[in-house]
Structure formats: C-alpha cells, structure tokens
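Colleague: Please find upload.tsv (TSV, C-alpha atoms and all ligand atoms) on the next line:
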chain	number	residue	atom	x	y	z
L	1	MET	CA	2.25	28.51	-1.78
L	2	SER	CA	-0.81	29.59	0.20
L	3	PHE	CA	-0.98	26.89	2.87
L	4	PRO	CA	0.01	28.73	6.06
L	5	THR	CA	-0.15	25.60	8.25
L	6	ALA	CA	2.08	23.50	5.97
L	7	LYS	CA	5.53	22.61	7.33
L	8	GLN	CA	8.63	22.80	5.15
L	9	ASN	CA	11.17	20.00	4.61
L	10	GLU	CA	9.46	17.35	6.70
L	11	PRO	CA	11.49	14.08	6.63
L	12	MET	CA	9.34	11.34	5.08
L	13	SER	CA	11.35	8.68	6.96
L	14	ARG	CA	9.15	9.69	9.93
L	15	TRP	CA	5.96	8.98	8.04
L	16	THR	CA	6.71	5.73	6.21
L	17	THR	CA	6.83	2.22	7.68
L	18	LEU	CA	10.09	1.50	5.79
L	19	ARG	CA	11.64	4.40	7.77
L	20	ALA	CA	13.44	5.76	4.72
L	21	GLY	CA	13.07	8.65	2.29
L	22	GLY	CA	14.01	12.32	1.99
L	23	PRO	CA	11.97	15.41	2.92
L	24	ALA	CA	8.59	16.56	1.72
L	25	GLU	CA	9.05	20.09	0.38
L	26	TRP	CA	5.73	21.13	1.96
L	27	PHE	CA	3.78	18.90	4.38
L	28	LEU	CA	0.19	19.54	5.40
L	29	VAL	CA	-2.03	17.52	7.76
L	30	VAL	CA	-5.78	17.46	7.02
L	31	ARG	CA	-8.46	16.09	9.36
L	32	SER	CA	-11.70	16.28	7.34
L	33	ALA	CA	-12.78	15.49	3.80
L	34	ASP	CA	-13.52	19.18	3.19
L	35	GLU	CA	-10.05	20.27	4.36
L	36	PHE	CA	-8.53	17.55	2.16
L	37	ALA	CA	-10.59	18.65	-0.87
L	38	ASN	CA	-9.76	22.33	-0.34
L	39	ALA	CA	-6.03	21.59	-0.14
L	40	LEU	CA	-6.15	19.46	-3.31
L	41	ILE	CA	-8.17	22.01	-5.27
L	42	GLY	CA	-6.00	24.90	-3.98
L	43	ALA	CA	-2.81	23.10	-5.01
L	44	PHE	CA	-4.23	22.24	-8.44
L	45	ASP	CA	-5.28	25.87	-9.04
L	46	GLN	CA	-1.76	27.05	-8.11
L	47	GLY	CA	-0.14	24.46	-10.40
L	48	ILE	CA	1.44	22.65	-7.43
L	49	ASP	CA	1.82	18.88	-7.41
L	50	ALA	CA	-0.18	17.44	-4.46
L	51	ILE	CA	0.68	14.01	-3.10
L	52	PRO	CA	-1.83	12.42	-0.71
L	53	VAL	CA	-0.37	10.06	1.87
L	54	GLY	CA	-1.90	7.83	4.51
L	55	TRP	CA	0.18	5.81	6.94
L	56	GLY	CA	3.07	5.38	4.49
L	57	SER	CA	2.89	1.58	4.65
L	58	ASN	CA	3.02	0.96	0.92
L	59	MET	CA	5.63	3.41	-0.35
L	60	LEU	CA	9.35	3.89	-0.81
L	61	VAL	CA	10.11	7.61	-1.01
L	62	SER	CA	13.36	8.55	-2.79
L	63	ASP	CA	16.22	10.05	-0.77
L	64	LEU	CA	15.68	13.31	-2.68
L	65	GLY	CA	12.18	13.48	-1.20
L	66	LEU	CA	8.86	14.76	-2.50
L	67	SER	CA	8.46	18.08	-4.27
L	68	GLY	CA	5.25	20.11	-4.05
L	69	LEU	CA	2.63	19.62	-1.35
L	70	THR	CA	2.43	16.33	0.54
L	71	ILE	CA	-0.96	15.97	2.27
L	72	LEU	CA	-1.26	13.61	5.24
L	73	ASN	CA	-4.90	12.54	5.23
L	74	LEU	CA	-6.25	11.92	8.75
L	75	ALA	CA	-9.95	12.50	7.89
L	76	CYS	CA	-11.84	9.61	9.48
L	77	GLN	CA	-15.56	10.31	9.79
L	78	ILE	CA	-17.95	7.37	9.32
L	79	VAL	CA	-21.69	7.62	8.64
L	80	PHE	CA	-23.73	4.41	8.85
L	81	GLY	CA	-26.87	4.27	6.67
L	82	THR	CA	-29.42	1.50	6.25
L	83	GLU	CA	-28.94	-1.97	4.71
L	84	GLY	CA	-25.17	-2.08	5.26
L	85	GLU	CA	-24.41	1.31	3.73
L	86	VAL	CA	-21.30	3.03	5.09
L	87	ILE	CA	-19.98	6.43	3.95
L	88	VAL	CA	-16.46	6.94	5.23
L	89	ASP	CA	-13.49	9.31	4.89
L	90	THR	CA	-10.42	7.71	3.34
L	91	GLY	CA	-8.03	8.81	6.12
L	92	ILE	CA	-9.52	6.22	8.47
L	93	GLY	CA	-7.26	3.32	9.46
L	94	PHE	CA	-8.42	0.28	7.49
L	95	GLN	CA	-8.48	-1.84	10.66
L	96	ASN	CA	-10.36	0.87	12.58
L	97	LEU	CA	-12.98	0.79	9.85
L	98	PHE	CA	-13.22	-3.00	10.23
L	99	ILE	CA	-13.77	-2.65	14.02
L	100	ALA	CA	-16.38	0.12	13.70
L	101	CYS	CA	-18.31	-1.99	11.17
L	102	ALA	CA	-17.96	-5.24	13.15
L	103	GLN	CA	-19.48	-3.48	16.18
L	104	ARG	CA	-22.61	-3.02	14.03
L	105	ASN	CA	-22.54	-6.63	12.78
L	106	LEU	CA	-21.30	-5.56	9.36
L	107	GLY	CA	-18.78	-8.07	7.98
L	108	GLY	CA	-16.67	-8.46	4.85
L	109	LEU	CA	-13.64	-6.50	6.05
L	110	GLU	CA	-12.20	-9.23	8.30
L	111	PHE	CA	-9.18	-9.46	5.97
L	112	ALA	CA	-8.26	-5.84	6.87
L	113	VAL	CA	-7.04	-6.88	10.31
L	114	GLY	CA	-3.28	-6.48	10.30
L	115	ILE	CA	-3.13	-4.16	7.25
L	116	PRO	CA	-1.47	-1.07	8.77
L	117	GLY	CA	-2.69	1.66	6.43
L	118	THR	CA	-5.59	3.96	5.63
L	119	LEU	CA	-8.60	3.17	3.50
L	120	GLY	CA	-7.24	5.65	0.89
L	121	GLY	CA	-3.96	3.75	0.53
L	122	ALA	CA	-5.91	0.49	0.42
L	123	LEU	CA	-8.01	1.74	-2.51
L	124	VAL	CA	-4.99	2.78	-4.55
L	125	SER	CA	-3.53	-0.76	-4.53
L	126	ASN	CA	-6.87	-2.56	-4.15
L	127	ALA	CA	-5.48	-3.96	-0.90
L	128	GLY	CA	-6.55	-7.40	0.12
L	129	ALA	CA	-5.71	-10.67	1.74
L	130	TYR	CA	-7.19	-14.16	2.07
L	131	ARG	CA	-8.95	-13.95	-1.33
L	132	SER	CA	-10.78	-10.67	-0.56
L	133	ASN	CA	-10.05	-7.19	-1.92
L	134	VAL	CA	-11.31	-3.80	-0.78
L	135	SER	CA	-12.84	-3.02	-4.19
L	136	GLU	CA	-15.51	-5.74	-3.71
L	137	PHE	CA	-17.44	-3.50	-1.31
L	138	ILE	CA	-17.22	-0.10	-3.02
L	139	GLU	CA	-20.37	1.43	-4.57
L	140	GLU	CA	-19.18	5.00	-5.15
L	141	LEU	CA	-16.15	7.18	-4.49
L	142	GLU	CA	-15.84	10.90	-3.93
L	143	VAL	CA	-12.71	12.17	-5.63
L	144	VAL	CA	-10.88	15.34	-6.54
L	145	ASP	CA	-9.99	14.77	-10.17
L	146	HIS	CA	-7.81	17.48	-11.80
L	147	GLY	CA	-9.14	20.05	-9.30
L	148	GLU	CA	-12.79	18.99	-9.60
L	149	ARG	CA	-14.69	17.42	-6.66
L	150	LYS	CA	-17.20	14.75	-7.73
L	151	TRP	CA	-18.67	11.28	-7.03
L	152	VAL	CA	-17.69	8.46	-9.40
L	153	LYS	CA	-18.51	4.76	-9.84
L	154	PRO	CA	-15.89	2.07	-9.01
L	155	GLU	CA	-15.17	1.53	-12.75
L	156	PHE	CA	-13.45	4.94	-12.66
L	157	MET	CA	-10.69	3.39	-10.51
L	158	GLY	CA	-9.89	0.49	-12.90
L	159	PHE	CA	-9.47	-1.92	-9.99
L	160	ARG	CA	-7.48	-5.11	-10.66
L	161	TYR	CA	-5.29	-7.42	-8.55
L	162	ARG	CA	-3.33	-4.99	-6.29
L	163	ASP	CA	-3.82	-2.31	-8.91
L	164	SER	CA	-5.84	0.76	-9.94
L	165	ILE	CA	-5.38	3.75	-12.25
L	166	LEU	CA	-3.82	5.59	-9.27
L	167	ARG	CA	-0.73	3.35	-9.43
L	168	GLN	CA	0.32	4.57	-12.91
L	169	GLU	CA	3.94	5.56	-13.30
L	170	THR	CA	2.95	9.08	-14.33
L	171	ARG	CA	0.93	10.07	-11.28
L	172	LEU	CA	-2.58	11.33	-12.02
L	173	PRO	CA	-3.81	14.37	-10.04
L	174	ILE	CA	-6.64	12.32	-8.54
L	175	SER	CA	-7.28	11.70	-4.83
L	176	VAL	CA	-10.07	9.85	-3.07
L	177	LEU	CA	-11.86	11.75	-0.29
L	178	ARG	CA	-14.67	9.43	0.76
L	179	VAL	CA	-16.29	6.19	-0.31
L	180	LYS	CA	-19.73	4.69	-0.11
L	181	MET	CA	-19.50	1.00	0.74
L	182	ARG	CA	-22.10	-1.72	1.26
L	183	LEU	CA	-21.24	-4.50	3.69
L	184	PRO	CA	-23.06	-7.75	4.44
L	185	THR	CA	-24.73	-8.27	7.82
L	186	LYS	CA	-23.14	-11.11	9.83
L	187	PRO	CA	-23.28	-12.31	13.44
L	188	GLY	CA	-20.59	-10.46	15.42
L	189	LYS	CA	-19.11	-13.72	16.72
L	190	ASP	CA	-18.51	-15.02	13.17
L	191	ILE	CA	-16.85	-11.73	12.18
L	192	TYR	CA	-14.47	-11.75	15.16
L	193	ASP	CA	-13.69	-15.49	14.84
L	194	GLU	CA	-12.73	-15.05	11.19
L	195	ALA	CA	-10.64	-11.93	11.92
L	196	ARG	CA	-8.87	-13.70	14.81
L	197	ASP	CA	-8.01	-16.62	12.54
L	198	TYR	CA	-6.48	-14.25	9.94
L	199	GLN	CA	-4.61	-12.38	12.65
L	200	ARG	CA	-3.06	-15.64	13.92
L	201	GLN	CA	-1.88	-16.52	10.41
L	202	ARG	CA	-0.33	-13.07	10.05
L	203	ILE	CA	1.51	-13.18	13.37
L	204	SER	CA	3.14	-16.45	12.35
L	205	LYS	CA	4.36	-14.94	9.05
L	206	GLN	CA	5.00	-11.24	9.54
L	207	PRO	CA	8.36	-9.90	10.75
L	208	ALA	CA	8.47	-7.23	13.46
L	209	SER	CA	11.05	-4.99	11.70
L	210	ALA	CA	10.24	-1.92	9.59
L	211	SER	CA	8.74	-3.06	6.28
L	212	ALA	CA	6.01	-2.27	3.77
L	213	GLY	CA	4.38	-5.69	3.98
L	214	SER	CA	4.60	-8.02	0.99
L	215	TYR	CA	7.06	-6.25	-1.26
L	216	PHE	CA	6.54	-7.82	-4.69
L	217	LYS	CA	3.27	-8.97	-6.25
L	218	ASN	CA	2.62	-12.68	-6.66
L	219	VAL	CA	3.23	-14.05	-10.14
L	220	TYR	CA	0.37	-15.62	-12.10
L	221	ASP	CA	2.05	-18.12	-14.42
L	222	ARG	CA	0.79	-21.72	-14.78
L	223	GLU	CA	3.86	-22.95	-16.65
L	224	LEU	CA	6.23	-21.61	-14.00
L	225	ALA	CA	4.03	-22.99	-11.21
L	226	GLU	CA	4.27	-26.46	-12.79
L	227	GLN	CA	8.09	-26.25	-12.81
L	228	LEU	CA	8.43	-25.60	-9.07
L	229	PRO	CA	8.37	-28.86	-7.07
L	230	GLN	CA	8.36	-26.96	-3.77
L	231	LEU	CA	5.07	-25.15	-4.54
L	232	ARG	CA	1.97	-26.13	-2.53
L	233	GLY	CA	-0.62	-28.10	-4.51
L	234	ASP	CA	-3.39	-25.47	-4.24
L	235	LEU	CA	-1.05	-22.74	-5.56
L	236	LYS	CA	0.11	-24.98	-8.38
L	237	ALA	CA	-3.51	-25.69	-9.34
L	238	ALA	CA	-4.30	-21.97	-9.37
L	239	GLY	CA	-1.09	-21.10	-11.26
L	240	VAL	CA	-0.01	-18.70	-8.49
L	241	VAL	CA	3.65	-18.36	-7.62
L	242	PRO	CA	4.27	-16.32	-4.46
L	243	ALA	CA	7.14	-13.88	-4.99
L	244	GLY	CA	8.73	-15.15	-1.77
L	245	VAL	CA	9.07	-18.66	-3.24
L	246	LEU	CA	11.09	-17.26	-6.16
L	247	ILE	CA	13.30	-15.09	-3.93
L	248	GLU	CA	13.98	-18.07	-1.69
L	249	ALA	CA	14.69	-20.29	-4.72
L	250	VAL	CA	17.47	-17.92	-5.86
L	251	GLY	CA	19.05	-18.06	-2.41
L	252	LEU	CA	18.17	-14.55	-1.24
L	253	LYS	CA	16.03	-15.39	1.79
L	254	GLY	CA	17.61	-13.46	4.68
L	255	ALA	CA	20.07	-11.63	2.35
L	256	ARG	CA	21.36	-8.32	3.78
L	257	PHE	CA	22.68	-5.22	2.07
L	258	ARG	CA	23.64	-2.22	4.23
L	259	GLY	CA	20.60	-1.86	6.55
L	260	GLY	CA	18.24	-3.60	4.14
L	261	MET	CA	17.27	-7.25	4.33
L	262	LEU	CA	14.99	-9.75	2.58
L	263	GLY	CA	13.00	-11.50	5.31
L	264	ALA	CA	14.52	-14.60	6.90
L	265	ARG	CA	11.08	-16.01	7.71
L	266	HIS	CA	9.21	-14.73	4.67
L	267	ALA	CA	11.50	-13.70	1.80
L	268	ASN	CA	8.94	-11.33	0.22
L	269	PHE	CA	9.34	-8.80	3.05
L	270	LEU	CA	11.93	-6.11	2.40
L	271	LEU	CA	13.05	-4.92	5.83
L	272	ASN	CA	14.91	-1.90	7.08
L	273	VAL	CA	16.77	-3.50	9.95
L	274	GLY	CA	18.89	-0.44	10.69
L	275	GLY	CA	19.66	2.73	8.85
L	276	ALA	CA	19.13	1.70	5.22
L	277	ASN	CA	18.31	4.66	3.02
L	278	ALA	CA	15.88	4.50	0.11
L	279	THR	CA	18.71	4.04	-2.41
L	280	ASP	CA	20.05	1.00	-0.49
L	281	LEU	CA	16.56	-0.51	-0.39
L	282	ARG	CA	16.04	0.06	-4.10
L	283	HIS	CA	19.42	-1.52	-4.91
L	284	LEU	CA	18.39	-4.61	-2.95
L	285	THR	CA	15.02	-4.56	-4.77
L	286	GLU	CA	16.70	-4.52	-8.18
L	287	PHE	CA	19.18	-7.19	-7.16
L	288	ALA	CA	16.34	-9.55	-6.18
L	289	GLN	CA	14.54	-8.77	-9.46
L	290	LYS	CA	17.68	-9.49	-11.48
L	291	ARG	CA	18.40	-12.81	-9.75
L	292	VAL	CA	14.79	-13.95	-10.27
L	293	ARG	CA	14.81	-12.74	-13.90
L	294	ASP	CA	18.06	-14.61	-14.63
L	295	ALA	CA	16.82	-17.83	-13.03
L	296	PHE	CA	13.17	-17.92	-14.11
L	297	ASP	CA	12.77	-15.34	-16.89
L	298	VAL	CA	10.09	-13.63	-14.80
L	299	GLU	CA	9.84	-9.95	-13.83
L	300	LEU	CA	8.97	-9.37	-10.17
L	301	GLU	CA	6.70	-6.34	-9.97
L	302	PRO	CA	6.87	-4.29	-6.75
L	303	GLU	CA	3.63	-3.98	-4.81
L	304	VAL	CA	5.20	-1.03	-3.00
L	305	LEU	CA	5.05	2.34	-4.81
L	306	PHE	CA	8.20	4.36	-5.55
L	307	LEU	CA	7.43	8.00	-4.84
L	308	GLY	CA	9.46	11.18	-5.32
L	309	ASP	CA	12.40	12.07	-7.50
L	310	TRP	CA	14.35	8.96	-8.54
L	311	SER	CA	16.06	10.70	-11.49
L	312	GLN	CA	19.49	10.54	-9.75
L	313	PHE	CA	19.14	6.85	-8.87
L	314	GLU	CA	21.64	4.64	-10.65
L	315	SER	CA	21.05	0.94	-11.14
L	316	VAL	CA	24.06	-1.28	-10.41
L	317	GLU	CA	24.94	-4.66	-11.90
L	318	SER	CA	25.65	-6.25	-8.56
L	319	ILE	CA	25.76	-5.48	-4.83
L	320	ASP	CA	27.96	-6.88	-2.06
L	321	LEU	CA	25.68	-8.80	0.26
L	322	GLU	CA	26.81	-8.99	3.90
S	401	LIG	C1	3.20	-5.25	8.01
S	401	LIG	C2	2.43	-4.92	6.78
S	401	LIG	C3	1.44	-5.78	6.30
S	401	LIG	C4	0.70	-5.47	5.14
S	401	LIG	N1	-0.23	-6.37	4.70
S	401	LIG	C5	-0.92	-6.10	3.57
S	401	LIG	C6	-1.89	-7.04	3.06
S	401	LIG	O1	-2.16	-8.08	3.65
S	401	LIG	N2	-2.55	-6.71	1.92
S	401	LIG	C7	-2.30	-5.56	1.23
S	401	LIG	O2	-2.93	-5.34	0.19
S	401	LIG	N3	-1.38	-4.66	1.68
S	401	LIG	C8	-0.69	-4.90	2.82
S	401	LIG	N4	0.24	-4.01	3.27
S	401	LIG	C9	0.53	-2.79	2.47
S	401	LIG	C10	-0.23	-1.53	2.95
S	401	LIG	O3	-0.45	-1.59	4.34
S	401	LIG	C11	-1.56	-1.33	2.27
S	401	LIG	O4	-1.39	-1.22	0.88
S	401	LIG	C12	-2.25	-0.08	2.82
S	401	LIG	O5	-3.59	-0.12	2.46
S	401	LIG	C13	-1.62	1.22	2.36
S	401	LIG	O6	-2.24	2.29	3.05
S	401	LIG	P1	-1.44	3.60	3.48
S	401	LIG	O7	-2.40	4.55	4.09
S	401	LIG	O8	-0.27	3.24	4.33
S	401	LIG	O9	-0.94	4.10	2.07
S	401	LIG	P2	0.33	5.00	1.77
S	401	LIG	O10	1.56	4.11	1.81
S	401	LIG	O11	0.35	6.20	2.63
S	401	LIG	O12	0.06	5.42	0.26
S	401	LIG	C14	0.14	4.46	-0.76
S	401	LIG	C15	-0.20	5.14	-2.09
S	401	LIG	O13	-1.55	5.59	-2.05
S	401	LIG	C16	-1.63	6.99	-2.32
S	401	LIG	N5	-2.74	7.49	-1.51
S	401	LIG	C17	-2.87	7.43	-0.16
S	401	LIG	N6	-4.05	7.94	0.20
S	401	LIG	C18	-4.69	8.34	-0.92
S	401	LIG	C19	-5.95	8.94	-1.20
S	401	LIG	N7	-6.81	9.26	-0.23
S	401	LIG	N8	-6.28	9.20	-2.48
S	401	LIG	C20	-5.42	8.89	-3.49
S	401	LIG	N9	-4.22	8.33	-3.29
S	401	LIG	C21	-3.86	8.05	-2.02
S	401	LIG	C22	-0.27	7.54	-1.97
S	401	LIG	O14	0.03	8.71	-2.69
S	401	LIG	C23	0.63	6.38	-2.38
S	401	LIG	O15	0.87	6.44	-3.76
S	401	LIG	C24	0.97	-4.28	4.44
S	401	LIG	C25	1.94	-3.39	4.93
S	401	LIG	C26	2.66	-3.69	6.08
S	401	LIG	C27	3.70	-2.72	6.58
For the file at hand, write its structure as structure tokens.
Ligand SMILES: Cc1cc2nc3c(=O)[nH]c(=O)nc-3n(C[C@H](O)[C@H](O)[C@H](O)COP(=O)(O)OP(=O)(O)OC[C@H]3O[C@@H](n4cnc5c(N)ncnc54)[C@H](O)[C@@H]3O)c2cc1C
Modeller:
Amino acid sequence: MSFPTAKQNEPMSRWTTLRAGGPAEWFLVVRSADEFANALIGAFDQGIDAIPVGWGSNMLVSDLGLSGLTILNLACQIVFGTEGEVIVDTGIGFQNLFIACAQRNLGGLEFAVGIPGTLGGALVSNAGAYRSNVSEFIEELEVVDHGERKWVKPEFMGFRYRDSILRQETRLPISVLRVKMRLPTKPGKDIYDEARDYQRQRISKQPASASAGSYFKNVYDRELAEQLPQLRGDLKAAGVVPAGVLIEAVGLKGARFRGGMLGARHANFLLNVGGANATDLRHLTEFAQKRVRDAFDVELEPEVLFLGDWSQFESVESIDLE
C-alpha cells in the first residue's frame, strides 16, 4: 500500500452519523479533486478496493469494518460560470453548496437544507426532498471509472428515485470527483423563504439522536395505498405509501432493541440512542422488514447503504424488544 498519509484501523463509528461500524483497514483524507483522483487511480492500479466516503450520513458499516482503502472526500472547490453554470467538487457539504449558490441568486437546491451529507453521497442515492432530486440539475460528471479519469453525461449514473448505478450490491469501482450543474436564477428572498419553510418542516419531524435520516424508501403501490385508511389523501392519490406509515401500522413506532430504536415521532428513522453496534441495528432493520412483509406482503427497501463485510452477519427469526 503506497499511501504514506493513510491511517490504519480507523473506527468508522467516528465517521458515520449512525455512530456504528468497525474499522477502516486504511483511511485517507483527500482535500482536492486531483488528490482524490490520484488516490483512486493508485488504488485501482495496485488492485486495492477503494471506498469513497463523505459525511457517512447514508451508510451502515458492518462491525467487521471496511477492507482496502477508505477515502474521506473533503474536496470542496466551486467555480461559478455564466448562465447558472456551477462546477463543484463532490466533497462539498450539500447545504454549503446550496448557500454558496443562493448568495449568487442561483436557486433549485433549496431542498438540500437539512441534508447532512456531501454532494458525492447525494449523487449516489439521487438525494432529494419535497419533490426535487439532485439529478435534475446535473449536466456532466467527472468520474474515475475502473482507474480511468473522464467526464460523463448524467445517463451514465442511471439516476432513479433514490437510486443510481453506484448503489448496486456488487460495488462498482466508480467514484465521482466533480460535477457540472446548471441552476435557475431566482430572487434571493424567494430562495431563502423556500429553504426556511423546508427547514421548519424538517425540524418538526426529525429526531435529534444519531440516525441516517429516512431509513427505508417509500413504497409506490396504488393497491396498498387504497387499503390504508390512515393515509393522507394526496399520498393515496399518488399511490405513495411512506415506509413510516407501514412501520407504525405494525406497532413498531418507538420500538427499542439494545441501543437501536425506531423513531417515536417518525417511525422511519432508525436511531442509535446509545451504544448499538451495526449488528444490533441490522437486526432491528430485518425485524421491521419481516413485520411489514408479514402484514402487508411488501418488502421495505433500505435507503441506507450497507457497507463492509457482512458475511458473518446472521439473520434471526425474532428479537426481544425492550
Ligand atoms: C438527519 C438526516 C436527514 C436526511 N435527510 C435526507 C433527505 O431529506 N433526503 C435524502 O435523500 N437523504 C437524506 N439523508 C441521507 C443522507 O444525508 C444523504 O443521502 C446524503 O446525501 C449522503 O451524503 P454523505 O456524504 O453522508 O454520503 P456517505 O454516507 O458518506 O456515502 C453514501 C454512499 O455514497 C458513496 N459515496 C460517497 N461519496 C462518493 C463519491 N464522491 N463518489 C462515489 N461514491 C461516493 C459511499 O461509498 C456510500 O456508498 C438524511 C440523513 C440524515 C442523517
């Protein structure tokens, strides 16, 4: 391994918002797109698995940790062009990007307020809120794809609802270094008013404990939506069933297992309220999936990504809730 500044055995519980997960075998911090690219290409040439991470707000790392080279991407340069063009490093905080753009009367990213991750992490899951997604604004992406640095069009990413090709179970050796975005011009006051409104809605819903945000994806199923009398009319009309509604319907709102908990205010938040390890959190995940499957014949799909070596993880039929 020829990365002299990489640390060995860095606990990932320090770098993930769920505060769980074993060590990264090698852990390297990069602060520019060039440093990031060089590390990725170097690792690829040496046959070492490289795992890019941002703020760790959308991942559950196994207790056995991450093998190979984990690269914490803190590259955050922004270059503003003409007509709403923005070229930006993917290590920038998504909200910081929103603020920098808003200061230049560039809107569109109001929904990013309150999403505690990097632009890179946002691209991988096509992060979004309030009917907007990050992919709407992307014109080109600079990637390292199997050791080759190049610019690609958004189609390369296969963006869908909270999904892209970078979420595949067998991880592809592809990382995003920079993106070229185009944002609409808007009066600053309108941008800040909209963002403030979203922020208020978030504060009323989001728990303060360690979490990874909404844990399961919403379910798109018209038939199921029709069957649920408690569902709001607009959701019923759109055939959208929030995962939290299903978890609440099976009686798991506020359920606790070891230090893990399903939110008492919003059931689709998996919380680490004190000392849960990744295995505990995954057992609670599977338990919620099983209860929802048994009751509604629907598979809840995690929005959070499971990273690392889960080969020793054993599913259990049931867990003893506290
Ligand atoms: C309180 C809270 C609220 C949230 N609200 C929302 C919300 O409203 N909407 C929403 O969509 N999400 C939400 N999230 C989830 C999360 O914040 C976003 O998905 C965020 O964009 C992830 O960014 P990150 O830097 O933390 O990614 P990480 O968790 O660090 O990484 C996620 C995945 O992306 C990969 N990755 C990271 N950077 C790169 C890169 N440069 N190139 C290739 N792969 C990369 C990692 O390997 C990993 O597989 C929320 C999370 C929390 C804790």
Colleague: Would you list the contacts of segment 41-48 of chain L as number ranges by chain, taking every protein, DNA or RNA residue within 10 Å and counting all atoms listed in the file, but skipping same-chain residues closer than 2 positions in sequence?
Modeller: L: 1-3, 35-39, 50-51, 67-69, 144-149, 173
Colleague: Would you work out the distance separating atom CA of Arg256 of chain L from atom CA of Leu270 of chain L, expressed in Å to one decimal?
Modeller: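 Separating atom CA of Arg256 of chain L from atom CA of Leu270 of chain L is a distance of 9.8 Å.
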Colleague: Quick one, how far is atom CA of Leu262 of chain L from atom CA of Arg171 of chain L?
Modeller: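 Pair atom CA of Leu262 of chain L / atom CA of Arg171 of chain L returns 28.0 Å.
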Colleague: For Leu235 of chain L, work out the shell of residues within 10 Å, counting only C-alpha atoms and skipping chain neighbours fewer than 6 positions away, then give it as a ChimeraX atom specification.
Modeller: /L:220,222,225-226,241-242
Colleague: Using atom CA of Ser318 of chain L and atom CA of Ala255 of chain L as the two end points, give the distance in Å to one decimal.
Modeller: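 Pair atom CA of Ser318 of chain L / atom CA of Ala255 of chain L returns 13.4 Å.
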Colleague: Step by step, measure atom-to-atom distances between ligand LIG 401 (chain S) and each residue using all atoms listed in the file, keep those at most 6 Å, then write them as a PDB file with C-alpha atoms, keeping the file's coordinate frame.
Modeller:
ATOM      1  CA  THR L  17       6.830   2.220   7.680  1.00  0.00           C
ATOM      2  CA  ILE L  51       0.680  14.010  -3.100  1.00  0.00           C
ATOM      3  CA  PRO L  52      -1.830  12.420  -0.710  1.00  0.00           C
ATOM      4  CA  VAL L  53      -0.370  10.060   1.870  1.00  0.00           C
ATOM      5  CA  GLY L  54      -1.900   7.830   4.510  1.00  0.00           C
ATOM      6  CA  TRP L  55       0.180   5.810   6.940  1.00  0.00           C
ATOM      7  CA  GLY L  56       3.070   5.380   4.490  1.00  0.00           C
ATOM      8  CA  SER L  57       2.890   1.580   4.650  1.00  0.00           C
ATOM      9  CA  ASN L  58       3.020   0.960   0.920  1.00  0.00           C
ATOM     10  CA  MET L  59       5.630   3.410  -0.350  1.00  0.00           C
ATOM     11  CA  THR L  90     -10.420   7.710   3.340  1.00  0.00           C
ATOM     12  CA  ILE L 115      -3.130  -4.160   7.250  1.00  0.00           C
ATOM     13  CA  PRO L 116      -1.470  -1.070   8.770  1.00  0.00           C
ATOM     14  CA  GLY L 117      -2.690   1.660   6.430  1.00  0.00           C
ATOM     15  CA  THR L 118      -5.590   3.960   5.630  1.00  0.00           C
ATOM     16  CA  GLY L 120      -7.240   5.650   0.890  1.00  0.00           C
ATOM     17  CA  GLY L 121      -3.960   3.750   0.530  1.00  0.00           C
ATOM     18  CA  ALA L 122      -5.910   0.490   0.420  1.00  0.00           C
ATOM     19  CA  VAL L 124      -4.990   2.780  -4.550  1.00  0.00           C
ATOM     20  CA  SER L 125      -3.530  -0.760  -4.530  1.00  0.00           C
ATOM     21  CA  ALA L 127      -5.480  -3.960  -0.900  1.00  0.00           C
ATOM     22  CA  GLY L 128      -6.550  -7.400   0.120  1.00  0.00           C
ATOM     23  CA  ALA L 129      -5.710 -10.670   1.740  1.00  0.00           C
ATOM     24  CA  SER L 175      -7.280  11.700  -4.830  1.00  0.00           C
ATOM     25  CA  VAL L 176     -10.070   9.850  -3.070  1.00  0.00           C
ATOM     26  CA  LEU L 177     -11.860  11.750  -0.290  1.00  0.00           C
ATOM     27  CA  SER L 211       8.740  -3.060   6.280  1.00  0.00           C
ATOM     28  CA  ALA L 212       6.010  -2.270   3.770  1.00  0.00           C
ATOM     29  CA  GLY L 213       4.380  -5.690   3.980  1.00  0.00           C
ATOM     30  CA  LEU L 305       5.050   2.340  -4.810  1.00  0.00           C
TER      31      LEU L 305
END
